[in-house]
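Data file: target02.tsv. Format and content: TSV, N, CA and C atoms.
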chain	number	residue	atom	x	y	z
A	366	MET	N	66.53	84.19	47.14
A	366	MET	CA	67.76	84.74	46.63
A	366	MET	C	68.50	83.67	45.84
A	367	LYS	N	69.16	84.12	44.78
A	367	LYS	CA	69.89	83.18	43.93
A	367	LYS	C	71.11	82.62	44.67
A	368	LYS	N	71.47	81.41	44.29
A	368	LYS	CA	72.70	80.83	44.80
A	368	LYS	C	73.87	81.61	44.20
A	369	PHE	N	74.99	81.59	44.88
A	369	PHE	CA	76.16	82.34	44.44
A	369	PHE	C	76.54	81.99	43.00
A	370	ASP	N	76.49	80.72	42.66
A	370	ASP	CA	76.88	80.28	41.32
A	370	ASP	C	75.96	80.80	40.22
A	371	GLU	N	74.75	81.20	40.58
A	371	GLU	CA	73.78	81.66	39.59
A	371	GLU	C	73.84	83.18	39.38
A	372	LEU	N	74.62	83.87	40.18
A	372	LEU	CA	74.72	85.32	40.06
A	372	LEU	C	75.56	85.70	38.84
A	373	PRO	N	75.37	86.93	38.32
A	373	PRO	CA	76.20	87.38	37.19
A	373	PRO	C	77.68	87.38	37.56
A	374	LYS	N	78.52	87.16	36.56
A	374	LYS	CA	79.96	87.08	36.77
A	374	LYS	C	80.50	88.34	37.45
A	375	SER	N	80.01	89.50	37.08
A	375	SER	CA	80.51	90.75	37.66
A	375	SER	C	80.21	90.84	39.15
A	376	VAL	N	79.07	90.32	39.57
A	376	VAL	CA	78.71	90.32	40.99
A	376	VAL	C	79.62	89.36	41.75
A	377	LYS	N	79.86	88.19	41.18
A	377	LYS	CA	80.74	87.22	41.83
A	377	LYS	C	82.15	87.78	41.98
A	378	LYS	N	82.65	88.45	40.95
A	378	LYS	CA	83.99	89.04	41.03
A	378	LYS	C	84.04	90.12	42.11
A	379	THR	N	82.99	90.92	42.20
A	379	THR	CA	82.94	91.98	43.20
A	379	THR	C	82.93	91.39	44.60
A	380	ILE	N	82.14	90.36	44.82
A	380	ILE	CA	82.06	89.71	46.13
A	380	ILE	C	83.42	89.13	46.50
A	381	ARG	N	84.07	88.49	45.56
A	381	ARG	CA	85.40	87.92	45.84
A	381	ARG	C	86.40	89.01	46.17
A	382	TYR	N	86.35	90.12	45.43
A	382	TYR	CA	87.25	91.24	45.69
A	382	TYR	C	87.03	91.78	47.10
A	383	ILE	N	85.76	91.97	47.46
A	383	ILE	CA	85.43	92.47	48.80
A	383	ILE	C	85.94	91.51	49.87
A	384	SER	N	85.76	90.23	49.65
A	384	SER	CA	86.17	89.22	50.64
A	384	SER	C	87.68	89.07	50.78
A	385	GLN	N	88.41	89.27	49.68
A	385	GLN	CA	89.83	88.92	49.68
A	385	GLN	C	90.79	90.10	49.70
A	386	GLU	N	90.47	91.20	49.01
A	386	GLU	CA	91.48	92.21	48.78
A	386	GLU	C	91.13	93.64	49.21
A	387	ALA	N	89.87	93.96	49.28
A	387	ALA	CA	89.46	95.35	49.44
A	387	ALA	C	89.95	95.96	50.76
A	388	SER	N	90.47	97.18	50.65
A	388	SER	CA	90.87	97.92	51.85
A	388	SER	C	89.62	98.50	52.50
A	389	LYS	N	89.78	99.02	53.69
A	389	LYS	CA	88.65	99.62	54.40
A	389	LYS	C	88.06	100.77	53.59
A	390	GLU	N	88.92	101.55	52.95
A	390	GLU	CA	88.46	102.66	52.12
A	390	GLU	C	87.68	102.16	50.90
A	391	ASP	N	88.19	101.09	50.29
A	391	ASP	CA	87.49	100.49	49.15
A	391	ASP	C	86.12	99.98	49.57
A	392	LEU	N	86.06	99.33	50.72
A	392	LEU	CA	84.78	98.81	51.21
A	392	LEU	C	83.77	99.92	51.40
A	393	THR	N	84.21	101.04	51.95
A	393	THR	CA	83.31	102.18	52.16
A	393	THR	C	82.79	102.71	50.84
A	394	LYS	N	83.67	102.88	49.87
A	394	LYS	CA	83.28	103.41	48.56
A	394	LYS	C	82.36	102.44	47.83
A	395	ILE	N	82.68	101.16	47.86
A	395	ILE	CA	81.83	100.16	47.22
A	395	ILE	C	80.45	100.16	47.85
A	396	GLN	N	80.40	100.23	49.16
A	396	GLN	CA	79.12	100.24	49.86
A	396	GLN	C	78.28	101.45	49.45
A	397	GLN	N	78.91	102.61	49.37
A	397	GLN	CA	78.20	103.82	48.96
A	397	GLN	C	77.66	103.68	47.54
A	398	LEU	N	78.48	103.17	46.64
A	398	LEU	CA	78.06	103.02	45.24
A	398	LEU	C	76.91	102.01	45.10
A	399	VAL	N	77.03	100.89	45.79
A	399	VAL	CA	75.98	99.87	45.71
A	399	VAL	C	74.69	100.38	46.33
A	400	ASN	N	74.77	101.02	47.48
A	400	ASN	CA	73.57	101.56	48.11
A	400	ASN	C	72.89	102.60	47.22
A	401	HIS	N	73.69	103.45	46.59
A	401	HIS	CA	73.13	104.46	45.69
A	401	HIS	C	72.43	103.81	44.50
A	402	ALA	N	73.07	102.81	43.90
A	402	ALA	CA	72.48	102.13	42.75
A	402	ALA	C	71.18	101.43	43.13
A	403	ILE	N	71.14	100.82	44.30
A	403	ILE	CA	69.92	100.14	44.77
A	403	ILE	C	68.80	101.15	44.99
A	404	GLU	N	69.12	102.26	45.62
A	404	GLU	CA	68.09	103.29	45.85
A	404	GLU	C	67.55	103.85	44.53
A	405	GLN	N	68.43	104.08	43.57
A	405	GLN	CA	67.99	104.58	42.26
A	405	GLN	C	67.09	103.56	41.58
A	406	ARG	N	67.44	102.29	41.68
A	406	ARG	CA	66.64	101.23	41.07
A	406	ARG	C	65.27	101.13	41.72
A	407	LYS	N	65.23	101.25	43.05
A	407	LYS	CA	63.96	101.19	43.77
A	407	LYS	C	63.07	102.37	43.36
A	408	LYS	N	63.64	103.56	43.27
A	408	LYS	CA	62.87	104.73	42.85
A	408	LYS	C	62.31	104.55	41.44
A	409	LYS	N	63.13	104.01	40.56
A	409	LYS	CA	62.71	103.78	39.18
A	409	LYS	C	61.57	102.77	39.14
A	410	SER	N	61.69	101.69	39.93
A	410	SER	CA	60.64	100.67	39.97
A	410	SER	C	59.35	101.23	40.54
A	411	LEU	N	59.46	102.02	41.60
A	411	LEU	CA	58.27	102.59	42.22
A	411	LEU	C	57.57	103.58	41.30
A	412	SER	N	58.33	104.34	40.55
A	412	SER	CA	57.72	105.31	39.63
A	412	SER	C	56.99	104.65	38.49
A	413	ARG	N	57.40	103.43	38.17
A	413	ARG	CA	56.73	102.66	37.12
A	413	ARG	C	55.58	101.83	37.66
A	414	GLY	N	55.49	101.73	38.99
A	414	GLY	CA	54.44	100.93	39.60
A	414	GLY	C	54.73	99.44	39.59
A	415	ILE	N	55.99	99.09	39.51
A	415	ILE	CA	56.39	97.66	39.48
A	415	ILE	C	56.62	97.18	40.89
Using structure tokens, write down the structure that the file contains.
Amino acid sequence: MKKFDELPKSVKKTIRYISQEASKEDLTKIQQLVNHAIEQRKKKSLSRGI
């Protein structure tokens, strides 16, 4: 896994937001969105045989 400093700026900002400001409701919504995006990406990769 990449070191934190090597991650894209948008990911670092999201992690900081989650760590510092996000409400419980925000955390739930972010988790749902991230999980959905990961599942879609995995399906896309599997369909391509990657």
So that I can check the secondary structure, give me every residue of chain A assigned alpha helix (DSSP H) by backbone DSSP, as JSON, numbers by chain.
{"A": [374, 375, 376, 377, 378, 379, 380, 381, 382, 383, 384, 385, 389, 390, 391, 392, 393, 394, 395, 396, 397, 398, 399, 400, 401, 402, 403, 404, 405, 406, 407, 408, 409, 410, 411, 412, 413]}
Measure the distance from CA of Gln385 (chain A) to CA of Lys407 (chain A) in Å and round it to one decimal.
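One can read the CA of Gln385 (chain A) to CA of Lys407 (chain A) distance as 29.2 Å.
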By how many Å are atom C of Gln397 (chain A) and CA of Ile380 (chain A) apart?
14.7 Å
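In this model, the gap between CA of Lys394 (chain A) and CA of Met366 (chain A) comes to 24.4 Å.
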Listed atoms of region 376-392 of chain A, axis-aligned box, 4 Å per side: centre and edge lengths to one decimal in Å, as JSON?
{"center_x": 85.1, "center_y": 94.9, "center_z": 47.0, "size_x": 20.8, "size_y": 23.4, "size_z": 22.8}
Counting all atoms listed in the file, find residues at most 7 Å from (84.7, 96.0, 47.9) (file frame) and give them as a PDB file with N, CA and C atoms, keeping the file's coordinate frame.
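Output below, filename point14.pdb:
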ATOM      1  N   THR A 379      82.990  90.920  42.200  1.00  0.00           N
ATOM      2  CA  THR A 379      82.940  91.980  43.200  1.00  0.00           C
ATOM      3  C   THR A 379      82.930  91.390  44.600  1.00  0.00           C
ATOM      4  N   ILE A 380      82.140  90.360  44.820  1.00  0.00           N
ATOM      5  CA  ILE A 380      82.060  89.710  46.130  1.00  0.00           C
ATOM      6  C   ILE A 380      83.420  89.130  46.500  1.00  0.00           C
ATOM      7  N   TYR A 382      86.350  90.120  45.430  1.00  0.00           N
ATOM      8  CA  TYR A 382      87.250  91.240  45.690  1.00  0.00           C
ATOM      9  C   TYR A 382      87.030  91.780  47.100  1.00  0.00           C
ATOM     10  N   ILE A 383      85.760  91.970  47.460  1.00  0.00           N
ATOM     11  CA  ILE A 383      85.430  92.470  48.800  1.00  0.00           C
ATOM     12  C   ILE A 383      85.940  91.510  49.870  1.00  0.00           C
ATOM     13  N   SER A 384      85.760  90.230  49.650  1.00  0.00           N
ATOM     14  CA  SER A 384      86.170  89.220  50.640  1.00  0.00           C
ATOM     15  C   SER A 384      87.680  89.070  50.780  1.00  0.00           C
ATOM     16  N   GLU A 386      90.470  91.200  49.010  1.00  0.00           N
ATOM     17  CA  GLU A 386      91.480  92.210  48.780  1.00  0.00           C
ATOM     18  C   GLU A 386      91.130  93.640  49.210  1.00  0.00           C
ATOM     19  N   ALA A 387      89.870  93.960  49.280  1.00  0.00           N
ATOM     20  CA  ALA A 387      89.460  95.350  49.440  1.00  0.00           C
ATOM     21  C   ALA A 387      89.950  95.960  50.760  1.00  0.00           C
ATOM     22  N   SER A 388      90.470  97.180  50.650  1.00  0.00           N
ATOM     23  CA  SER A 388      90.870  97.920  51.850  1.00  0.00           C
ATOM     24  C   SER A 388      89.620  98.500  52.500  1.00  0.00           C
ATOM     25  N   ASP A 391      88.190 101.090  50.290  1.00  0.00           N
ATOM     26  CA  ASP A 391      87.490 100.490  49.150  1.00  0.00           C
ATOM     27  C   ASP A 391      86.120  99.980  49.570  1.00  0.00           C
ATOM     28  N   LEU A 392      86.060  99.330  50.720  1.00  0.00           N
ATOM     29  CA  LEU A 392      84.780  98.810  51.210  1.00  0.00           C
ATOM     30  C   LEU A 392      83.770  99.920  51.400  1.00  0.00           C
ATOM     31  N   THR A 393      84.210 101.040  51.950  1.00  0.00           N
ATOM     32  CA  THR A 393      83.310 102.180  52.160  1.00  0.00           C
ATOM     33  C   THR A 393      82.790 102.710  50.840  1.00  0.00           C
ATOM     34  N   LYS A 394      83.670 102.880  49.870  1.00  0.00           N
ATOM     35  CA  LYS A 394      83.280 103.410  48.560  1.00  0.00           C
ATOM     36  C   LYS A 394      82.360 102.440  47.830  1.00  0.00           C
ATOM     37  N   ILE A 395      82.680 101.160  47.860  1.00  0.00           N
ATOM     38  CA  ILE A 395      81.830 100.160  47.220  1.00  0.00           C
ATOM     39  C   ILE A 395      80.450 100.160  47.850  1.00  0.00           C
ATOM     40  N   GLN A 396      80.400 100.230  49.160  1.00  0.00           N
ATOM     41  CA  GLN A 396      79.120 100.240  49.860  1.00  0.00           C
ATOM     42  C   GLN A 396      78.280 101.450  49.450  1.00  0.00           C
TER      43      GLN A 396
END
Could you get me a file of region 369-403 of chain A with N, CA and C atoms, as a PDB file, in the first residue's frame, taken from the block above?
ATOM      1  N   PHE A 369       0.907   7.488   2.888  1.00  0.00           N
ATOM      2  CA  PHE A 369      -0.101   8.540   2.864  1.00  0.00           C
ATOM      3  C   PHE A 369       0.311   9.692   1.947  1.00  0.00           C
ATOM      4  N   ASP A 370       1.566  10.089   2.000  1.00  0.00           N
ATOM      5  CA  ASP A 370       2.046  11.216   1.197  1.00  0.00           C
ATOM      6  C   ASP A 370       2.000  10.945  -0.302  1.00  0.00           C
ATOM      7  N   GLU A 371       1.960   9.681  -0.692  1.00  0.00           N
ATOM      8  CA  GLU A 371       1.968   9.323  -2.106  1.00  0.00           C
ATOM      9  C   GLU A 371       0.562   9.190  -2.692  1.00  0.00           C
ATOM     10  N   LEU A 372      -0.450   9.260  -1.851  1.00  0.00           N
ATOM     11  CA  LEU A 372      -1.825   9.127  -2.322  1.00  0.00           C
ATOM     12  C   LEU A 372      -2.274  10.394  -3.042  1.00  0.00           C
ATOM     13  N   PRO A 373      -3.295  10.278  -3.914  1.00  0.00           N
ATOM     14  CA  PRO A 373      -3.818  11.477  -4.585  1.00  0.00           C
ATOM     15  C   PRO A 373      -4.346  12.490  -3.573  1.00  0.00           C
ATOM     16  N   LYS A 374      -4.261  13.757  -3.946  1.00  0.00           N
ATOM     17  CA  LYS A 374      -4.670  14.844  -3.063  1.00  0.00           C
ATOM     18  C   LYS A 374      -6.121  14.677  -2.602  1.00  0.00           C
ATOM     19  N   SER A 375      -7.001  14.246  -3.476  1.00  0.00           N
ATOM     20  CA  SER A 375      -8.413  14.096  -3.115  1.00  0.00           C
ATOM     21  C   SER A 375      -8.609  13.028  -2.038  1.00  0.00           C
ATOM     22  N   VAL A 376      -7.819  11.973  -2.086  1.00  0.00           N
ATOM     23  CA  VAL A 376      -7.909  10.920  -1.075  1.00  0.00           C
ATOM     24  C   VAL A 376      -7.405  11.444   0.262  1.00  0.00           C
ATOM     25  N   LYS A 377      -6.301  12.177   0.242  1.00  0.00           N
ATOM     26  CA  LYS A 377      -5.762  12.735   1.476  1.00  0.00           C
ATOM     27  C   LYS A 377      -6.756  13.704   2.117  1.00  0.00           C
ATOM     28  N   LYS A 378      -7.402  14.536   1.307  1.00  0.00           N
ATOM     29  CA  LYS A 378      -8.389  15.474   1.839  1.00  0.00           C
ATOM     30  C   LYS A 378      -9.573  14.728   2.448  1.00  0.00           C
ATOM     31  N   THR A 379      -9.999  13.659   1.793  1.00  0.00           N
ATOM     32  CA  THR A 379     -11.117  12.872   2.305  1.00  0.00           C
ATOM     33  C   THR A 379     -10.761  12.228   3.635  1.00  0.00           C
ATOM     34  N   ILE A 380      -9.575  11.659   3.730  1.00  0.00           N
ATOM     35  CA  ILE A 380      -9.127  11.024   4.972  1.00  0.00           C
ATOM     36  C   ILE A 380      -9.062  12.054   6.096  1.00  0.00           C
ATOM     37  N   ARG A 381      -8.536  13.219   5.801  1.00  0.00           N
ATOM     38  CA  ARG A 381      -8.459  14.270   6.826  1.00  0.00           C
ATOM     39  C   ARG A 381      -9.849  14.697   7.263  1.00  0.00           C
ATOM     40  N   TYR A 382     -10.771  14.838   6.314  1.00  0.00           N
ATOM     41  CA  TYR A 382     -12.141  15.216   6.641  1.00  0.00           C
ATOM     42  C   TYR A 382     -12.779  14.166   7.548  1.00  0.00           C
ATOM     43  N   ILE A 383     -12.600  12.903   7.197  1.00  0.00           N
ATOM     44  CA  ILE A 383     -13.156  11.810   8.000  1.00  0.00           C
ATOM     45  C   ILE A 383     -12.567  11.847   9.413  1.00  0.00           C
ATOM     46  N   SER A 384     -11.277  12.068   9.515  1.00  0.00           N
ATOM     47  CA  SER A 384     -10.599  12.065  10.817  1.00  0.00           C
ATOM     48  C   SER A 384     -10.956  13.258  11.694  1.00  0.00           C
ATOM     49  N   GLN A 385     -11.222  14.416  11.070  1.00  0.00           N
ATOM     50  CA  GLN A 385     -11.346  15.644  11.849  1.00  0.00           C
ATOM     51  C   GLN A 385     -12.760  16.189  11.978  1.00  0.00           C
ATOM     52  N   GLU A 386     -13.591  16.087  10.945  1.00  0.00           N
ATOM     53  CA  GLU A 386     -14.833  16.838  10.942  1.00  0.00           C
ATOM     54  C   GLU A 386     -16.114  16.037  10.724  1.00  0.00           C
ATOM     55  N   ALA A 387     -16.030  14.906  10.095  1.00  0.00           N
ATOM     56  CA  ALA A 387     -17.226  14.206   9.635  1.00  0.00           C
ATOM     57  C   ALA A 387     -18.138  13.783  10.787  1.00  0.00           C
ATOM     58  N   SER A 388     -19.431  14.028  10.599  1.00  0.00           N
ATOM     59  CA  SER A 388     -20.421  13.562  11.568  1.00  0.00           C
ATOM     60  C   SER A 388     -20.662  12.069  11.355  1.00  0.00           C
ATOM     61  N   LYS A 389     -21.363  11.462  12.272  1.00  0.00           N
ATOM     62  CA  LYS A 389     -21.670  10.041  12.152  1.00  0.00           C
ATOM     63  C   LYS A 389     -22.446   9.766  10.867  1.00  0.00           C
ATOM     64  N   GLU A 390     -23.363  10.665  10.522  1.00  0.00           N
ATOM     65  CA  GLU A 390     -24.145  10.509   9.300  1.00  0.00           C
ATOM     66  C   GLU A 390     -23.256  10.627   8.055  1.00  0.00           C
ATOM     67  N   ASP A 391     -22.325  11.582   8.096  1.00  0.00           N
ATOM     68  CA  ASP A 391     -21.384  11.739   6.987  1.00  0.00           C
ATOM     69  C   ASP A 391     -20.524  10.488   6.827  1.00  0.00           C
ATOM     70  N   LEU A 392     -20.066   9.947   7.946  1.00  0.00           N
ATOM     71  CA  LEU A 392     -19.238   8.737   7.893  1.00  0.00           C
ATOM     72  C   LEU A 392     -19.986   7.586   7.243  1.00  0.00           C
ATOM     73  N   THR A 393     -21.250   7.434   7.593  1.00  0.00           N
ATOM     74  CA  THR A 393     -22.062   6.359   7.023  1.00  0.00           C
ATOM     75  C   THR A 393     -22.213   6.537   5.519  1.00  0.00           C
ATOM     76  N   LYS A 394     -22.513   7.747   5.088  1.00  0.00           N
ATOM     77  CA  LYS A 394     -22.706   8.021   3.660  1.00  0.00           C
ATOM     78  C   LYS A 394     -21.401   7.850   2.890  1.00  0.00           C
ATOM     79  N   ILE A 395     -20.304   8.354   3.432  1.00  0.00           N
ATOM     80  CA  ILE A 395     -19.001   8.195   2.778  1.00  0.00           C
ATOM     81  C   ILE A 395     -18.652   6.724   2.646  1.00  0.00           C
ATOM     82  N   GLN A 396     -18.891   5.962   3.694  1.00  0.00           N
ATOM     83  CA  GLN A 396     -18.590   4.533   3.663  1.00  0.00           C
ATOM     84  C   GLN A 396     -19.403   3.834   2.579  1.00  0.00           C
ATOM     85  N   GLN A 397     -20.677   4.161   2.479  1.00  0.00           N
ATOM     86  CA  GLN A 397     -21.529   3.563   1.456  1.00  0.00           C
ATOM     87  C   GLN A 397     -21.026   3.904   0.056  1.00  0.00           C
ATOM     88  N   LEU A 398     -20.680   5.166  -0.159  1.00  0.00           N
ATOM     89  CA  LEU A 398     -20.211   5.598  -1.477  1.00  0.00           C
ATOM     90  C   LEU A 398     -18.883   4.930  -1.852  1.00  0.00           C
ATOM     91  N   VAL A 399     -17.967   4.876  -0.901  1.00  0.00           N
ATOM     92  CA  VAL A 399     -16.665   4.264  -1.172  1.00  0.00           C
ATOM     93  C   VAL A 399     -16.821   2.769  -1.425  1.00  0.00           C
ATOM     94  N   ASN A 400     -17.606   2.093  -0.608  1.00  0.00           N
ATOM     95  CA  ASN A 400     -17.825   0.659  -0.807  1.00  0.00           C
ATOM     96  C   ASN A 400     -18.456   0.381  -2.168  1.00  0.00           C
ATOM     97  N   HIS A 401     -19.420   1.210  -2.558  1.00  0.00           N
ATOM     98  CA  HIS A 401     -20.070   1.032  -3.857  1.00  0.00           C
ATOM     99  C   HIS A 401     -19.063   1.230  -4.999  1.00  0.00           C
ATOM    100  N   ALA A 402     -18.246   2.274  -4.909  1.00  0.00           N
ATOM    101  CA  ALA A 402     -17.255   2.538  -5.947  1.00  0.00           C
ATOM    102  C   ALA A 402     -16.241   1.402  -6.055  1.00  0.00           C
ATOM    103  N   ILE A 403     -15.823   0.855  -4.922  1.00  0.00           N
ATOM    104  CA  ILE A 403     -14.869  -0.255  -4.920  1.00  0.00           C
ATOM    105  C   ILE A 403     -15.489  -1.489  -5.560  1.00  0.00           C
TER     106      ILE A 403
END
